[in-house]
>>> print(open('structure.cif').read())   # mmCIF, C-alpha atoms
data_final
loop_
_atom_site.label_atom_id
_atom_site.label_comp_id
_atom_site.auth_asym_id
_atom_site.auth_seq_id
_atom_site.Cartn_x
_atom_site.Cartn_y
_atom_site.Cartn_z
CA MET A 1 0.00 0.00 0.00
CA PHE A 2 2.20 2.80 -1.10
CA ILE A 3 1.26 6.17 -2.40
CA ASN A 4 3.18 9.17 -3.56
CA LEU A 5 2.54 12.05 -1.19
CA GLY A 6 4.02 14.68 -3.38
CA SER A 7 2.43 17.97 -2.47
CA ARG A 8 1.89 20.19 -5.44
CA PRO A 9 -0.65 22.96 -5.75
CA SER A 10 -3.81 22.48 -7.69
CA VAL A 11 -7.49 21.82 -7.55
CA PRO A 12 -9.43 20.92 -4.43
CA PRO A 13 -9.94 17.40 -3.25
CA TYR A 14 -13.52 17.37 -4.38
CA SER A 15 -12.71 18.16 -8.01
CA LEU A 16 -13.48 14.77 -9.49
CA ASN A 17 -12.31 16.03 -12.80
CA ARG A 18 -8.63 15.52 -12.43
CA ALA A 19 -7.25 13.62 -9.56
CA ILE A 20 -5.61 10.38 -8.83
CA LEU A 21 -4.80 8.04 -6.08
CA SER A 22 -2.73 5.17 -5.29
CA LYS A 23 -2.01 1.57 -5.60
CA SER A 24 -2.72 -1.90 -4.51
CA PHE A 25 -1.39 -4.45 -2.23
CA LEU A 26 0.35 -7.59 -3.16
CA SER A 27 0.03 -10.62 -5.16
CA LEU A 28 0.94 -13.49 -3.01
CA TYR A 29 2.42 -16.73 -4.07
CA PRO A 30 3.46 -18.27 -0.80
CA HIS A 31 6.60 -19.81 0.41
CA ASN A 32 4.52 -22.10 2.60
CA PRO A 33 2.46 -25.07 1.43
CA THR A 34 -0.53 -22.94 0.48
CA THR A 35 -0.54 -21.05 -2.80
CA HIS A 36 -1.72 -17.45 -2.55
CA VAL A 37 -2.74 -15.29 -5.42
CA SER A 38 -3.31 -11.89 -4.08
CA LYS A 39 -2.54 -8.31 -3.86
CA SER A 40 -3.98 -5.58 -2.00
CA SER A 41 -1.26 -3.41 -0.89
CA LEU A 42 -1.53 0.27 -1.48
CA TYR A 43 1.70 1.98 -1.85
CA PRO A 44 2.19 3.35 -5.24
CA PRO A 45 2.98 6.56 -6.56
CA SER A 46 0.01 7.65 -8.38
CA PHE A 47 -2.19 9.03 -5.69
CA LEU A 48 -0.78 12.28 -4.77
CA GLY A 49 0.86 13.31 -7.88
CA SER A 50 -2.61 14.25 -8.90
CA PRO A 51 -4.32 17.55 -8.66
CA CYS A 52 -6.72 16.20 -6.09
CA ALA A 53 -3.96 15.17 -3.77
CA ARG A 54 -1.87 18.21 -4.51
CA ALA A 55 -4.61 20.45 -3.26
CA LEU A 56 -5.30 18.20 -0.37
CA LEU A 57 -1.73 18.34 0.85
CA ARG A 58 -1.42 22.05 0.52
CA PRO A 59 1.83 23.53 -0.75
CA SER A 60 2.30 25.43 2.47
CA CYS A 61 1.91 22.25 4.48
CA PRO A 62 5.40 20.72 4.66
CA LYS A 63 5.96 16.98 4.88
CA ARG A 64 5.98 16.87 8.68
CA GLU A 65 2.80 18.90 8.77
CA ARG A 66 0.81 16.81 6.30
CA PHE A 67 -0.37 14.42 8.95
CA ARG A 68 -0.99 17.28 11.36
CA CYS A 69 -3.39 18.67 8.77
CA ALA A 70 -4.94 15.31 7.95
CA PHE A 71 -5.51 14.00 11.46
CA SER A 72 -6.55 17.25 13.04
CA GLY A 73 -10.26 16.53 12.52
CA ASN A 74 -12.71 14.19 14.14
CA LEU A 75 -12.55 10.44 14.50
CA GLU A 76 -15.50 9.95 12.17
CA SER A 77 -13.60 11.09 9.08
CA VAL A 78 -10.65 8.83 9.95
CA LEU A 79 -13.00 5.84 10.32
CA GLU A 80 -14.67 6.71 7.01
CA ALA A 81 -11.30 6.73 5.23
CA ALA A 82 -10.25 3.47 6.87
CA GLY A 83 -13.58 1.95 5.86
CA VAL A 84 -13.07 2.99 2.24
CA LEU A 85 -9.58 1.48 2.21
CA THR A 86 -10.83 -1.78 3.71
CA ALA A 87 -13.72 -1.96 1.22
CA ILE A 88 -11.34 -1.54 -1.70
CA ILE A 89 -9.12 -4.35 -0.44
CA VAL A 90 -12.17 -6.58 0.05
CA VAL A 91 -13.37 -5.82 -3.50
CA HIS A 92 -9.94 -6.63 -4.93
CA GLU A 93 -9.66 -9.95 -3.15
CA SER A 94 -13.29 -10.78 -3.86
CA GLY A 95 -12.48 -10.49 -7.56
CA HIS A 96 -9.88 -13.26 -7.22
CA PHE A 97 -12.17 -15.31 -5.02
CA LEU A 98 -15.22 -15.15 -7.28
CA ALA A 99 -13.21 -15.81 -10.44
CA ALA A 100 -11.94 -19.02 -8.84
CA TYR A 101 -15.23 -20.02 -7.22
CA LEU A 102 -17.28 -19.55 -10.40
CA GLN A 103 -14.85 -21.79 -12.29
CA GLY A 104 -15.03 -24.48 -9.60
CA ILE A 105 -11.42 -23.95 -8.50
CA HIS A 106 -10.60 -24.93 -4.91
CA VAL A 107 -10.08 -21.95 -2.56
CA SER A 108 -8.81 -22.41 1.01
CA LYS A 109 -8.35 -18.90 2.43
CA PHE A 110 -9.66 -15.34 2.16
CA ALA A 111 -7.71 -12.87 4.29
CA ILE A 112 -7.65 -9.14 4.88
CA GLY A 113 -4.18 -8.15 6.06
CA PHE A 114 -1.09 -10.30 6.56
CA GLY A 115 0.65 -12.00 9.46
CA PRO A 116 -0.93 -13.33 12.68
CA ILE A 117 -4.67 -13.98 12.62
CA LEU A 118 -6.77 -11.65 14.76
CA ALA A 119 -10.16 -13.17 13.97
CA LYS A 120 -11.40 -15.94 11.70
CA PHE A 121 -14.27 -18.25 10.81
CA ASN A 122 -14.71 -21.16 8.41
CA ALA A 123 -17.46 -21.69 5.85
CA LYS A 124 -17.63 -24.26 3.03
CA ASN A 125 -13.98 -25.30 3.55
CA VAL A 126 -12.73 -21.71 3.27
CA GLU A 127 -11.01 -19.88 6.14
CA TYR A 128 -11.98 -16.20 6.30
CA SER A 129 -9.65 -14.10 8.47
CA ILE A 130 -8.57 -10.62 9.53
CA ARG A 131 -4.84 -10.36 10.15
CA ALA A 132 -2.48 -8.13 12.07
CA PHE A 133 -0.66 -6.14 9.38
CA PRO A 134 -2.95 -3.89 7.28
CA LEU A 135 -0.85 -4.18 4.14
CA GLY A 136 -3.49 -5.67 1.87
CA GLY A 137 -4.94 -9.12 1.65
CA PHE A 138 -4.80 -12.46 -0.13
CA VAL A 139 -6.78 -15.40 -1.45
CA GLY A 140 -5.20 -18.78 -0.71
CA PHE A 141 -5.35 -21.93 -2.81
CA PRO A 142 -4.56 -25.42 -1.45
CA ASP A 143 -2.40 -26.37 -4.43
CA ASN A 144 0.61 -27.52 -2.39
CA ASP A 145 -1.05 -28.15 0.95
CA PRO A 146 -0.61 -31.81 1.98
CA ASP A 147 -3.21 -31.35 4.74
CA SER A 148 -5.99 -30.32 2.39
CA GLY A 149 -6.92 -33.89 1.51
CA ILE A 150 -7.19 -32.93 -2.16
CA PRO A 151 -5.28 -35.17 -4.62
CA VAL A 152 -2.33 -33.38 -6.23
CA ASP A 153 -3.71 -34.19 -9.69
CA ASP A 154 -7.19 -32.79 -8.98
CA VAL A 155 -8.24 -30.79 -12.05
CA ASN A 156 -9.84 -28.16 -9.83
CA LEU A 157 -6.57 -27.13 -8.20
CA LEU A 158 -5.49 -23.76 -9.58
CA LYS A 159 -2.07 -25.08 -10.64
CA ASN A 160 -3.72 -27.81 -12.76
CA ARG A 161 -6.03 -25.45 -14.64
CA PRO A 162 -5.32 -24.22 -18.19
CA ILE A 163 -3.39 -21.00 -18.59
CA LEU A 164 -6.49 -18.97 -19.50
CA ASP A 165 -8.33 -20.06 -16.34
CA ARG A 166 -5.40 -18.98 -14.19
CA VAL A 167 -5.06 -15.67 -16.02
CA LEU A 168 -8.73 -14.97 -15.30
CA VAL A 169 -8.26 -15.65 -11.58
CA VAL A 170 -5.09 -13.57 -11.26
CA SER A 171 -6.43 -10.59 -13.24
CA ALA A 172 -9.89 -10.60 -11.63
CA GLY A 173 -8.78 -8.43 -8.70
CA VAL A 174 -7.69 -5.66 -11.05
CA VAL A 175 -10.91 -5.95 -13.05
CA ALA A 176 -12.95 -5.77 -9.84
CA ASN A 177 -11.23 -2.53 -8.79
CA ILE A 178 -11.72 -0.94 -12.21
CA VAL A 179 -15.42 -1.83 -12.24
CA PHE A 180 -15.80 -0.64 -8.66
CA ALA A 181 -14.14 2.69 -9.54
CA TYR A 182 -16.62 3.26 -12.37
CA VAL A 183 -19.56 2.33 -10.14
CA ILE A 184 -18.37 4.83 -7.51
CA VAL A 185 -18.10 7.61 -10.10
CA PHE A 186 -21.54 6.73 -11.48
CA VAL A 187 -23.11 6.77 -8.01
CA GLN A 188 -21.53 10.14 -7.29
CA VAL A 189 -22.81 11.62 -10.54
CA LEU A 190 -26.33 10.34 -9.82
CA SER A 191 -26.41 11.30 -6.15
CA VAL A 192 -24.55 14.61 -5.85
CA GLY A 193 -23.67 15.58 -9.41
CA LEU A 194 -20.44 16.16 -11.27
CA PRO A 195 -18.04 18.71 -9.73
CA VAL A 196 -17.21 21.48 -12.19
CA GLN A 197 -14.55 24.04 -11.38
CA GLU A 198 -14.39 27.67 -12.52
CA VAL A 199 -10.95 29.27 -12.32
CA PHE A 200 -10.45 32.88 -11.25
CA PRO A 201 -7.28 35.00 -11.27
CA GLY A 202 -4.99 34.96 -8.27
CA VAL A 203 -4.13 32.71 -5.34
CA LEU A 204 -6.54 32.21 -2.44
CA VAL A 205 -5.32 32.54 1.16
CA THR A 206 -7.19 29.80 3.02
CA GLU A 207 -5.49 30.11 6.42
CA VAL A 208 -3.22 32.57 8.21
CA ARG A 209 -1.35 31.29 11.24
CA PRO A 210 -1.29 33.47 14.37
CA TYR A 211 1.90 35.45 15.00
CA SER A 212 3.19 34.65 11.49
CA ALA A 213 4.66 37.17 9.05
CA ALA A 214 1.40 37.18 7.07
CA SER A 215 -0.67 37.88 10.20
CA ARG A 216 1.76 40.58 11.35
CA ASP A 217 1.70 42.36 7.99
CA GLY A 218 -2.08 42.26 7.46
CA LEU A 219 -3.11 39.22 5.38
CA VAL A 220 -6.34 37.52 6.45
CA PRO A 221 -8.09 34.29 5.38
CA GLY A 222 -10.17 34.84 2.25
CA ASP A 223 -7.74 37.32 0.69
CA VAL A 224 -6.93 36.73 -2.97
CA ILE A 225 -3.35 37.54 -3.97
CA LEU A 226 -3.50 38.89 -7.53
CA ALA A 227 0.17 39.76 -8.04
CA GLU A 228 3.59 39.64 -6.38
CA ASN A 229 6.15 42.42 -6.90
CA GLY A 230 4.09 43.71 -9.82
CA SER A 231 3.86 40.32 -11.57
CA LYS A 232 0.22 39.28 -12.04
CA PHE A 233 -1.09 35.73 -11.87
CA PRO A 234 -3.03 35.02 -15.09
CA LYS A 235 -6.37 33.27 -14.75
CA GLN A 236 -5.26 30.12 -16.57
CA ARG A 237 -1.88 29.62 -14.88
CA PRO A 238 -2.19 26.43 -12.77
CA ALA A 239 1.27 26.92 -11.27
CA ALA A 240 0.40 30.26 -9.61
CA VAL A 241 0.49 28.80 -6.10
CA SER A 242 3.90 27.20 -6.54
CA GLU A 243 5.24 30.37 -8.17
CA LEU A 244 4.16 32.46 -5.20
CA VAL A 245 5.59 29.90 -2.76
CA ASP A 246 8.91 29.99 -4.65
CA VAL A 247 9.06 33.79 -4.45
CA ILE A 248 8.42 33.71 -0.71
CA LYS A 249 11.02 30.99 -0.14
CA LYS A 250 13.63 33.01 -2.00
CA SER A 251 12.93 36.20 -0.02
CA PRO A 252 13.73 35.63 3.67
CA LYS A 253 13.74 38.96 5.53
CA ARG A 254 13.15 40.79 2.22
CA ARG A 255 9.89 42.65 1.61
CA VAL A 256 7.55 41.13 -0.98
CA LEU A 257 4.86 43.45 -2.38
CA LEU A 258 1.53 41.65 -2.80
CA LYS A 259 -1.52 43.00 -4.61
CA VAL A 260 -4.52 41.74 -2.63
CA GLU A 261 -8.24 41.57 -3.37
CA ARG A 262 -10.42 41.69 -0.27
CA GLY A 263 -14.14 41.84 -0.95
CA ASP A 264 -14.64 44.60 -3.52
CA ARG A 265 -11.33 46.35 -2.73
CA ASP A 266 -7.87 45.95 -4.29
CA PHE A 267 -4.80 47.21 -2.43
CA GLU A 268 -1.13 46.40 -1.85
CA ILE A 269 0.42 44.82 1.23
CA GLY A 270 4.14 44.50 1.89
CA VAL A 271 4.97 41.17 3.59
CA THR A 272 8.43 40.39 4.95
CA PRO A 273 8.94 36.59 5.14
CA ASP A 274 10.53 35.18 8.27
CA GLU A 275 13.62 33.04 7.83
CA ASN A 276 13.11 29.31 8.16
CA PHE A 277 15.64 26.97 9.79
CA ASP A 278 16.90 25.99 6.31
CA GLY A 279 17.41 29.59 5.22
CA THR A 280 14.23 29.86 3.12
CA GLY A 281 11.46 32.37 3.64
CA LYS A 282 8.04 31.64 5.15
CA ILE A 283 4.99 33.77 5.89
CA GLY A 284 2.70 31.26 7.64
CA VAL A 285 -0.23 30.83 5.27
CA GLN A 286 -2.01 28.04 3.46
CA LEU A 287 -2.72 28.74 -0.19
CA SER A 288 -4.85 27.23 -2.91
CA ALA A 289 -5.89 27.97 -6.48
CA ASN A 290 -8.69 30.52 -6.68
CA LEU A 291 -11.53 28.23 -7.74
CA ARG A 292 -15.26 27.98 -7.45
CA ILE A 293 -16.81 24.50 -7.48
CA THR A 294 -20.33 23.91 -8.79
CA LYS A 295 -22.23 20.70 -9.48
CA ALA A 296 -23.51 19.58 -12.87
CA ILE A 297 -26.60 17.43 -12.31
CA PRO A 298 -27.41 14.93 -15.11
CA ARG A 299 -30.88 15.34 -16.61
CA ASP A 300 -31.38 11.64 -17.31
CA LEU A 301 -29.70 8.24 -17.08
CA PHE A 302 -27.95 8.57 -20.45
CA GLU A 303 -26.39 11.88 -19.46
CA ALA A 304 -25.30 10.33 -16.15
CA LEU A 305 -23.57 7.53 -18.07
CA ARG A 306 -21.89 10.08 -20.34
CA PHE A 307 -20.70 12.19 -17.40
CA SER A 308 -19.45 9.09 -15.59
CA GLY A 309 -17.60 7.76 -18.62
CA ARG A 310 -15.86 11.08 -19.22
CA GLU A 311 -14.79 11.37 -15.61
CA PHE A 312 -13.71 7.74 -15.42
CA TRP A 313 -11.43 8.02 -18.45
CA GLY A 314 -10.05 11.32 -17.20
CA LEU A 315 -9.17 9.82 -13.83
CA SER A 316 -7.64 6.75 -15.48
CA SER A 317 -5.42 8.94 -17.68
CA ASN A 318 -4.26 10.88 -14.65
CA VAL A 319 -3.37 7.70 -12.78
CA LEU A 320 -1.32 6.40 -15.70
CA ASP A 321 0.38 9.75 -16.22
CA SER A 322 1.25 10.08 -12.54
CA LEU A 323 2.68 6.58 -12.48
CA ARG A 324 4.79 7.33 -15.54
CA GLN A 325 6.14 10.53 -13.98
CA THR A 326 6.90 8.76 -10.71
CA PHE A 327 8.99 6.05 -12.32
CA ALA A 328 10.63 8.49 -14.74
CA ASN A 329 11.91 10.48 -11.71
CA PHE A 330 11.93 7.74 -9.10
CA SER A 331 15.04 8.99 -7.30
CA GLN A 332 13.25 12.28 -6.59
CA ASN A 333 9.87 10.75 -5.78
CA ALA A 334 10.89 7.75 -3.68
CA SER A 335 10.90 9.81 -0.49
CA LYS A 336 7.26 10.75 -1.11
CA LEU A 337 6.01 7.17 -0.95
CA SER A 338 3.70 6.60 1.98
CA GLY A 339 1.77 3.67 3.36
CA PRO A 340 -1.68 2.90 4.76
CA VAL A 341 -1.39 5.41 7.60
CA ALA A 342 -0.83 8.20 5.08
CA ILE A 343 -3.63 6.95 2.84
CA ILE A 344 -6.06 7.10 5.75
CA ALA A 345 -4.72 10.54 6.68
CA VAL A 346 -5.38 11.79 3.17
CA GLY A 347 -8.79 10.14 3.07
CA ALA A 348 -9.74 11.71 6.40
CA GLU A 349 -8.83 15.15 5.09
CA VAL A 350 -10.85 14.53 1.92
CA ALA A 351 -13.84 13.41 3.99
CA ARG A 352 -13.72 16.66 5.95
CA SER A 353 -13.30 18.80 2.84
CA SER A 354 -16.67 18.01 1.28
CA ASP A 355 -19.66 15.74 1.67
CA ASP A 356 -18.84 13.85 -1.51
CA GLY A 357 -15.06 13.85 -1.15
CA LEU A 358 -14.87 10.15 -0.30
CA PHE A 359 -16.40 9.25 -3.66
CA GLN A 360 -13.37 10.63 -5.45
CA PHE A 361 -10.96 9.26 -2.89
CA ALA A 362 -12.38 5.75 -3.33
CA ALA A 363 -12.48 5.91 -7.15
CA LEU A 364 -8.90 7.12 -7.40
CA LEU A 365 -7.61 4.61 -4.90
CA ASN A 366 -9.30 1.78 -6.82
CA LEU A 367 -7.70 2.87 -10.09
CA ASN A 368 -4.26 3.19 -8.52
CA LEU A 369 -4.63 -0.23 -6.95
CA ALA A 370 -5.56 -1.71 -10.32
CA VAL A 371 -2.74 -0.08 -12.28
CA ILE A 372 0.01 -0.79 -9.76
CA ASN A 373 -1.04 -4.40 -9.40
CA LEU A 374 -0.48 -4.94 -13.11
CA LEU A 375 3.22 -4.08 -12.82
CA PRO A 376 5.32 -7.23 -13.46
CA LEU A 377 6.84 -7.23 -9.99
CA PRO A 378 7.04 -10.12 -7.51
CA ALA A 379 4.18 -10.08 -4.98
CA LEU A 380 1.89 -8.19 -7.37
CA ASP A 381 -0.73 -9.59 -9.73
CA GLY A 382 1.46 -8.50 -12.62
CA GLY A 383 4.32 -10.63 -11.29
CA THR A 384 2.11 -13.71 -11.18
CA LEU A 385 0.81 -12.97 -14.69
CA ALA A 386 4.40 -12.64 -15.89
CA LEU A 387 5.19 -16.14 -14.60
CA ILE A 388 2.12 -17.52 -16.39
CA LEU A 389 3.17 -15.80 -19.63
CA ILE A 390 6.66 -17.28 -19.29
CA GLU A 391 5.02 -20.69 -18.94
CA ALA A 392 2.98 -20.05 -22.09
CA ALA A 393 6.12 -18.97 -23.99
CA ARG A 394 7.82 -22.21 -22.88
CA GLY A 395 5.06 -24.23 -24.50
CA GLY A 396 3.20 -24.91 -21.26
CA ARG A 397 6.29 -25.94 -19.27
CA LYS A 398 6.28 -24.24 -15.88
CA LEU A 399 9.34 -22.88 -14.15
CA PRO A 400 10.53 -25.17 -11.36
CA LEU A 401 8.30 -24.72 -8.30
CA GLU A 402 11.29 -23.81 -6.13
CA ILE A 403 12.27 -20.96 -8.45
CA GLU A 404 8.69 -19.59 -8.56
CA GLN A 405 8.42 -19.71 -4.80
CA ARG A 406 11.76 -17.96 -4.32
CA ILE A 407 10.79 -15.18 -6.72
CA MET A 408 7.40 -14.57 -5.14
CA SER A 409 8.52 -15.03 -1.52
CA SER A 410 11.36 -12.53 -1.92
CA GLY A 411 8.92 -10.01 -3.36
CA ILE A 412 6.47 -10.55 -0.53
CA VAL A 413 9.17 -10.11 2.10
CA LEU A 414 10.41 -6.89 0.50
CA VAL A 415 6.92 -5.41 0.20
CA ILE A 416 5.99 -6.30 3.77
CA LEU A 417 9.24 -4.83 5.12
CA ALA A 418 8.73 -1.67 3.05
CA GLY A 419 5.13 -1.47 4.23
CA LEU A 420 6.05 -1.83 7.90
CA PHE A 421 8.77 0.79 7.49
CA LEU A 422 6.28 3.22 5.97
CA ILE A 423 3.69 2.53 8.67
CA VAL A 424 6.26 3.43 11.33
CA HIS A 425 7.53 6.41 9.33
CA ASP A 426 4.06 7.81 8.66
CA THR A 427 2.91 7.18 12.22
CA LEU A 428 5.87 9.15 13.59
CA ASN A 429 4.72 12.08 11.44
CA LEU A 430 1.30 12.16 13.10
CA ASP A 431 0.78 15.24 15.21
CA ILE A 432 -0.29 13.29 18.29
CA ILE A 433 2.88 11.17 18.15
CA ARG A 434 5.20 14.12 17.44
CA ASP A 435 3.81 15.91 20.47
CA LEU A 436 4.81 12.93 22.65
CA LEU A 437 8.37 12.79 21.30
#
>>> encode(input="structure.cif", output="structure tokens")
Amino acid sequence: MFINLGSRPSVPPYSLNRAILSKSFLSLYPHNPTTHVSKSSLYPPSFLGSPCARALLRPSCPKRERFRCAFSGNLESVLEAAGVLTAIIVVHESGHFLAAYLQGIHVSKFAIGFGPILAKFNAKNVEYSIRAFPLGGFVGFPDNDPDSGIPVDDVNLLKNRPILDRVLVVSAGVVANIVFAYVIVFVQVLSVGLPVQEVFPGVLVTEVRPYSAASRDGLVPGDVILAENGSKFPKQRPAAVSELVDVIKKSPKRRVLLKVERGDRDFEIGVTPDENFDGTGKIGVQLSANLRITKAIPRDLFEALRFSGREFWGLSSNVLDSLRQTFANFSQNASKLSGPVAIIAVGAEVARSSDDGLFQFAALLNLNLAVINLLPLPALDGGTLALILIEAARGGRKLPLEIEQRIMSSGIVLVILAGLFLIVHDTLNLDIIRDLL
């Protein structure tokens, strides 16, 4: 469960139009006697490279402060975000499970999480469990389990099925997340309408911290900064927030002249940024693009389908583009990867931002999960599919079982270790924890 928490300025979290989220868990082929096909681990890069996430993690909110912002609200929003994340994992694993069940393939386990079992029950020879580490989930198959009582040559063992049957089972989790993402977008369009944003000139001041340079020199929440040092921000310049932030960072203890719109008045304010510990300037504000969000309500079912399709393809393109940018500049973006704690933090902030914010959060997270899981990496669905394709290229001859297990087990171990590291890292960035340290 990794996501890229890169904070760049842009549209608000409830702008369904262009946003993206993050990835999936893991595809599990076990190193123990049970074969696992699975992945539900959300770590990837696509989430926050998107406009939605960029606005959510405001440019003025540095990395240490992101979780302060995200977890500063009530418990309800945190539980809502955690519920969305859990539902997405369940949908992903249910895709694998149903694809196997409907083909008559033996299934032995359905788990949410990894590691020690916290709770479980058995039904129709399947063990359903919740486990200790919230890094995804898995569906287990008794292919190599001597205690299952199933003959090793049983045609309904996954390993004995034709290549196409196995491809359907392995890819079903991704398909389930894609379908679920579209359903979420469609439900949002029907229930609350399609968010439409209108862009206005300038940069909006959303918050001014007490005793900061901005407060001292006269800026107040709701001000719109139209220009800095005589340079105006055009209406269609999406980078206006980052440009203003850059000017402030480069001007510690040097006066910056801002043209401000307050109500129906325009006037100039001189702000002198304080010097940060790293030598950059800061004025103590949170900024966002100057936008107004309205809702387009579909007139009939056909228009709802058209709206949903347009939004769905737009979100999918953003996920793919974000993933491409992340891997193209991985050395710069690796430090922005975050795990399930950060995902819930972001989701909690989205839930507080608007009544329908969780719709977008859930749709984007589903798409990220689907795309990341298709990467041909050990422990992901794509890694398992790659092994099946190698088998097909070898004329139906499988790689030795020991080699397959080593490949998949090493991937699982690496992902779990990375996930645990990110859980600890993200938890230490929570405001409540930082206050105790």
>>> atom_distance(input="structure.cif", atom1="CA of Arg131 (chain A)", atom2="CA of Leu158 (chain A)")
23.9 Å
>>> atom_distance(input="structure.cif", atom1="CA of Glu93 (chain A)", atom2="CA of Gly173 (chain A)")
5.8 Å
>>> closest_residue(input="structure.cif", among="A:Leu305, A:Val371, A:Ala362, A:Leu387", to="Asn318 (chain A)", atoms="all atoms listed in the file")
A:Val371
>>> closest_residue(input="structure.cif", among="A:Leu75, A:Ala392, A:Ile416, A:Val260", to="Gly218 (chain A)", atoms="all atoms listed in the file")
A:Val260
>>> resolve_selection(input="structure.cif", expression="the PyMOL selection byres ((chain A and resi 290) around 8)", output="ChimeraX atom specification")
/A:199-204,224,288-289,291-292
>>> write_last_selection(input="structure.cif", atoms="C-alpha atoms", output="short mmCIF file (atom, residue, chain, number, x, y, z; two decimals), in the coordinates of the input")
data_model
loop_
_atom_site.label_atom_id
_atom_site.label_comp_id
_atom_site.auth_asym_id
_atom_site.auth_seq_id
_atom_site.Cartn_x
_atom_site.Cartn_y
_atom_site.Cartn_z
CA VAL A 199 -10.95 29.27 -12.32
CA PHE A 200 -10.45 32.88 -11.25
CA PRO A 201 -7.28 35.00 -11.27
CA GLY A 202 -4.99 34.96 -8.27
CA VAL A 203 -4.13 32.71 -5.34
CA LEU A 204 -6.54 32.21 -2.44
CA VAL A 224 -6.93 36.73 -2.97
CA SER A 288 -4.85 27.23 -2.91
CA ALA A 289 -5.89 27.97 -6.48
CA LEU A 291 -11.53 28.23 -7.74
CA ARG A 292 -15.26 27.98 -7.45
#
>>> atom_distance(input="structure.cif", atom1="CA of Asn366 (chain A)", atom2="CA of Glu76 (chain A)")
21.6 Å
>>> closest_atom_pairs(input="structure.cif", of="region 266-382 of chain A", to="region 405-414 of chain A", cutoff="10 Å", atoms="all atoms listed in the file", output="Markdown table")
| residue | atom | partner | partner_atom | distance |
| --- | --- | --- | --- | --- |
| A:Leu377 | CA | A:Gly411 | CA | 7.5 |
| A:Pro378 | CA | A:Gly411 | CA | 4.6 |
| A:Ala379 | CA | A:Gly411 | CA | 5.0 |
| A:Leu380 | CA | A:Gly411 | CA | 8.3 |
>>> write_last_selection(input="structure.cif", atoms="C-alpha atoms", output="PDB file, in the coordinates of the input")
ATOM      1  CA  LEU A 377       6.840  -7.230  -9.990  1.00  0.00           C
ATOM      2  CA  PRO A 378       7.040 -10.120  -7.510  1.00  0.00           C
ATOM      3  CA  ALA A 379       4.180 -10.080  -4.980  1.00  0.00           C
ATOM      4  CA  LEU A 380       1.890  -8.190  -7.370  1.00  0.00           C
TER       5      LEU A 380
END
>>> resolve_selection(input="structure.cif", expression="the PyMOL selection byres ((chain A and resi 206-216) around 8)", output="VMD selection string")
chain A and resid 204 to 205 217 to 223 271 to 274 282 to 288
>>> closest_residue(input="structure.cif", among="A:Phe421, A:Phe186, A:Phe114, A:Phe233", to="Phe359 (chain A)", atoms="all atoms listed in the file")
A:Phe186
>>> residues_near_point(input="structure.cif", point="(-10.8, 7.0, 7.6)", cutoff="9 Å", atoms="all atoms listed in the file", output="list in words")
Leu75, Glu76, Ser77, Val78, Leu79, Glu80, Ala81, Ala82, Gly83, Val84, Leu85, Ile343, Ile344, Ala345, Val346, Gly347, Ala348, Glu349 and Ala351 of chain A
>>> residues_around(input="structure.cif", residues="Ala172 (chain A)", least_positions_apart="6", cutoff="8 Å", atoms="all atoms listed in the file", output="MDAnalysis selection string")
chainID A and resid 92 95:96 99
>>> resolve_selection(input="structure.cif", expression="the PyMOL selection byres ((chain A and resi 250) around 12)", output="ChimeraX atom specification")
/A:243-249,251-256,272-276,278-283
>>> closest_residue(input="structure.cif", among="A:Val424, A:Val175, A:Ile293, A:Leu226", to="Arg262 (chain A)", atoms="only C-alpha atoms")
A:Leu226
